[in-house]
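Here's the structure we're looking at; comments come further down.
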Amino acid sequence: MTRADVVELHQGLKETPYQANRVLGVLANIPRIDGNPYVITGKMEGQYLTDIQKPRRRLRTRAGLDTLRIHDLRHSFASDALQLGADLTMIGRLLGHTQVQTTARYAHLKTDPVRTTANKVADAIASALGHVALENRVN
């Protein structure tokens with residue numbers, strides 16, 4: 001296992017075998033510093049960045065997303081996966097959850113797909129009612 005296969009979490013080290021090919025491609029194209037195995041390097045030679053708060057604040061400001069939290073990205077990821085048809089068990093595995101109840105809190109639907117689905121159901125009901133009304137008039 002290489003360092004790219006492991007992500008450090010507050011609970012310790014955790015294997016993350018579910019890295020998307022596009023993510024791995026982006027990481028592979030980040031210029032490396034000779035002798036440092038880390039993708040995001042720290043100020044000390046051979047070390048990784050330990051505090052991302054200042055760079056994260058600069059990026060958020062530049063992107064106009066001052067209120068964005070890192071956890072918001074996990075919620076968006078889960079919602080997108082749900083919208084694409086992944087079930088809660090699969091999404092939980094991708095997020096590293098052991099309980100499906102935890103995943104259910106993350107995988108809320110975005111407003112647009114909910115509204116779209118509500119409109120489709122309403123259209124189907126209206127169509128069926130229109131069809132029934134038409135049949136009643138004919139009979």
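Each chain of the structure tokens is named A, B, ... in the order shown, its residues numbered from 1; ligands are numbered from 1 in display order.
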
Report as a JSON list (two decimals) with all heavy atoms, in the first residue's frame all protein, DNA and RNA residues lying within 10 Å of stretch 69-73 of chain A, evaluated on only C-alpha atoms, omitting residues in the same chain fewer than 3 positions from it.
```json
[["chain", "number", "residue", "atom", "x", "y", "z"],
["A", 56, "ARG", "N", -7.50, 27.27, 2.61],
["A", 56, "ARG", "CA", -8.92, 26.98, 2.37],
["A", 56, "ARG", "C", -9.72, 28.28, 2.39],
["A", 56, "ARG", "O", -10.59, 28.49, 1.54],
["A", 56, "ARG", "CB", -9.44, 26.00, 3.40],
["A", 56, "ARG", "CG", -10.83, 25.49, 3.11],
["A", 56, "ARG", "CD", -11.25, 24.40, 4.04],
["A", 56, "ARG", "NE", -11.44, 24.85, 5.39],
["A", 56, "ARG", "CZ", -12.58, 25.38, 5.85],
["A", 56, "ARG", "NH1", -13.61, 25.50, 5.06],
["A", 56, "ARG", "NH2", -12.68, 25.78, 7.09],
["A", 57, "ARG", "N", -9.43, 29.16, 3.35],
["A", 57, "ARG", "CA", -10.13, 30.45, 3.40],
["A", 57, "ARG", "C", -9.87, 31.27, 2.15],
["A", 57, "ARG", "O", -10.78, 31.88, 1.59],
["A", 57, "ARG", "CB", -9.70, 31.23, 4.64],
["A", 57, "ARG", "CG", -10.53, 30.90, 5.84],
["A", 57, "ARG", "CD", -10.23, 31.84, 6.99],
["A", 57, "ARG", "NE", -9.89, 30.99, 8.11],
["A", 57, "ARG", "CZ", -8.72, 30.96, 8.74],
["A", 57, "ARG", "NH1", -7.78, 31.78, 8.45],
["A", 57, "ARG", "NH2", -8.51, 30.12, 9.72],
["A", 60, "ARG", "N", -11.86, 29.70, -0.73],
["A", 60, "ARG", "CA", -13.30, 29.97, -0.59],
["A", 60, "ARG", "C", -13.62, 31.40, -0.98],
["A", 60, "ARG", "O", -14.60, 31.65, -1.69],
["A", 60, "ARG", "CB", -13.75, 29.76, 0.87],
["A", 60, "ARG", "CG", -13.91, 28.33, 1.25],
["A", 60, "ARG", "CD", -14.52, 28.18, 2.61],
["A", 60, "ARG", "NE", -14.22, 29.32, 3.48],
["A", 60, "ARG", "CZ", -14.46, 29.34, 4.77],
["A", 60, "ARG", "NH1", -15.01, 28.31, 5.36],
["A", 60, "ARG", "NH2", -14.16, 30.39, 5.50],
["A", 65, "LEU", "N", -17.34, 31.58, -2.12],
["A", 65, "LEU", "CA", -18.04, 30.58, -1.29],
["A", 65, "LEU", "C", -17.60, 30.70, 0.16],
["A", 65, "LEU", "O", -17.20, 29.73, 0.80],
["A", 65, "LEU", "CB", -17.74, 29.17, -1.82],
["A", 65, "LEU", "CG", -18.14, 28.90, -3.26],
["A", 65, "LEU", "CD1", -17.55, 27.58, -3.75],
["A", 65, "LEU", "CD2", -19.65, 28.90, -3.39],
["A", 66, "ASP", "N", -17.71, 31.91, 0.70],
["A", 66, "ASP", "CA", -17.19, 32.19, 2.04],
["A", 66, "ASP", "C", -17.80, 31.33, 3.14],
["A", 66, "ASP", "O", -17.16, 31.09, 4.16],
["A", 66, "ASP", "CB", -17.36, 33.67, 2.38],
["A", 66, "ASP", "CG", -16.48, 34.56, 1.52],
["A", 66, "ASP", "OD1", -15.34, 34.16, 1.24],
["A", 66, "ASP", "OD2", -16.94, 35.65, 1.13],
["A", 76, "SER", "N", -22.90, 17.22, -0.31],
["A", 76, "SER", "CA", -23.15, 17.35, -1.75],
["A", 76, "SER", "C", -22.77, 16.07, -2.49],
["A", 76, "SER", "O", -23.49, 15.63, -3.38],
["A", 76, "SER", "CB", -22.34, 18.52, -2.32],
["A", 76, "SER", "OG", -22.83, 19.73, -1.82],
["A", 77, "PHE", "N", -21.64, 15.47, -2.13],
["A", 77, "PHE", "CA", -21.20, 14.22, -2.73],
["A", 77, "PHE", "C", -22.27, 13.14, -2.53],
["A", 77, "PHE", "O", -22.66, 12.46, -3.48],
["A", 77, "PHE", "CB", -19.87, 13.78, -2.12],
["A", 77, "PHE", "CG", -19.35, 12.48, -2.66],
["A", 77, "PHE", "CD1", -18.54, 12.47, -3.79],
["A", 77, "PHE", "CD2", -19.65, 11.28, -2.05],
["A", 77, "PHE", "CE1", -18.05, 11.28, -4.28],
["A", 77, "PHE", "CE2", -19.18, 10.08, -2.54],
["A", 77, "PHE", "CZ", -18.37, 10.08, -3.67],
["A", 78, "ALA", "N", -22.76, 13.02, -1.30],
["A", 78, "ALA", "CA", -23.78, 12.00, -1.01],
["A", 78, "ALA", "C", -25.07, 12.28, -1.77],
["A", 78, "ALA", "O", -25.68, 11.36, -2.32],
["A", 78, "ALA", "CB", -24.04, 11.95, 0.50],
["A", 79, "SER", "N", -25.49, 13.53, -1.82],
["A", 79, "SER", "CA", -26.71, 13.88, -2.55],
["A", 79, "SER", "C", -26.57, 13.61, -4.04],
["A", 79, "SER", "O", -27.49, 13.10, -4.67],
["A", 79, "SER", "CB", -27.05, 15.36, -2.34],
["A", 79, "SER", "OG", -27.44, 15.59, -1.01],
["A", 106, "TYR", "N", -26.68, 12.33, 5.51],
["A", 106, "TYR", "CA", -25.88, 13.00, 4.49],
["A", 106, "TYR", "C", -26.59, 13.08, 3.15],
["A", 106, "TYR", "O", -26.43, 14.02, 2.41],
["A", 106, "TYR", "CB", -24.57, 12.24, 4.26],
["A", 106, "TYR", "CG", -23.49, 12.55, 5.23],
["A", 106, "TYR", "CD1", -23.52, 12.10, 6.53],
["A", 106, "TYR", "CD2", -22.40, 13.32, 4.84],
["A", 106, "TYR", "CE1", -22.52, 12.38, 7.42],
["A", 106, "TYR", "CE2", -21.38, 13.61, 5.71],
["A", 106, "TYR", "CZ", -21.44, 13.14, 7.01],
["A", 106, "TYR", "OH", -20.45, 13.43, 7.88]]
```

Q: Figure out the distance between atom CA of A:His108 and atom CA of A:Val26, please, to one decimal in Å.
A: 27.8 Å

Q: Enumerate, as a PyMOL selection string, the complete set of residues in stretch 76-134 of chain A that a backbone-based DSSP assignment places in helix (DSSP H, G or I).
A: chain A and resi 76-83+88-95+100-106+111-134

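By chain and then residue number, the residues within 12 Å of stretch 32-35 of chain A are A:Thr41, A:Gly42, A:Lys43, A:Met44, A:Glu45, A:Gly46, A:Gln47, A:Tyr48, counting only C-alpha atoms and disregarding those fewer than 6 positions away in sequence.
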
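Taking atom CA of A:Arg22 as the reference point, atom CA of A:Leu94 is found at 15.3 Å.
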
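In terms of minimum interatomic distance to A:Thr103, A:Leu82 ranks closest within A:Leu82, A:Ala118, A:Leu24, A:Ala128, counting only C-alpha atoms.
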
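Taking only C-alpha atoms into account, A:Pro37 lies nearest to A:Leu49 out of the set A:Leu49, A:Thr102, A:Gly85, A:Pro55.
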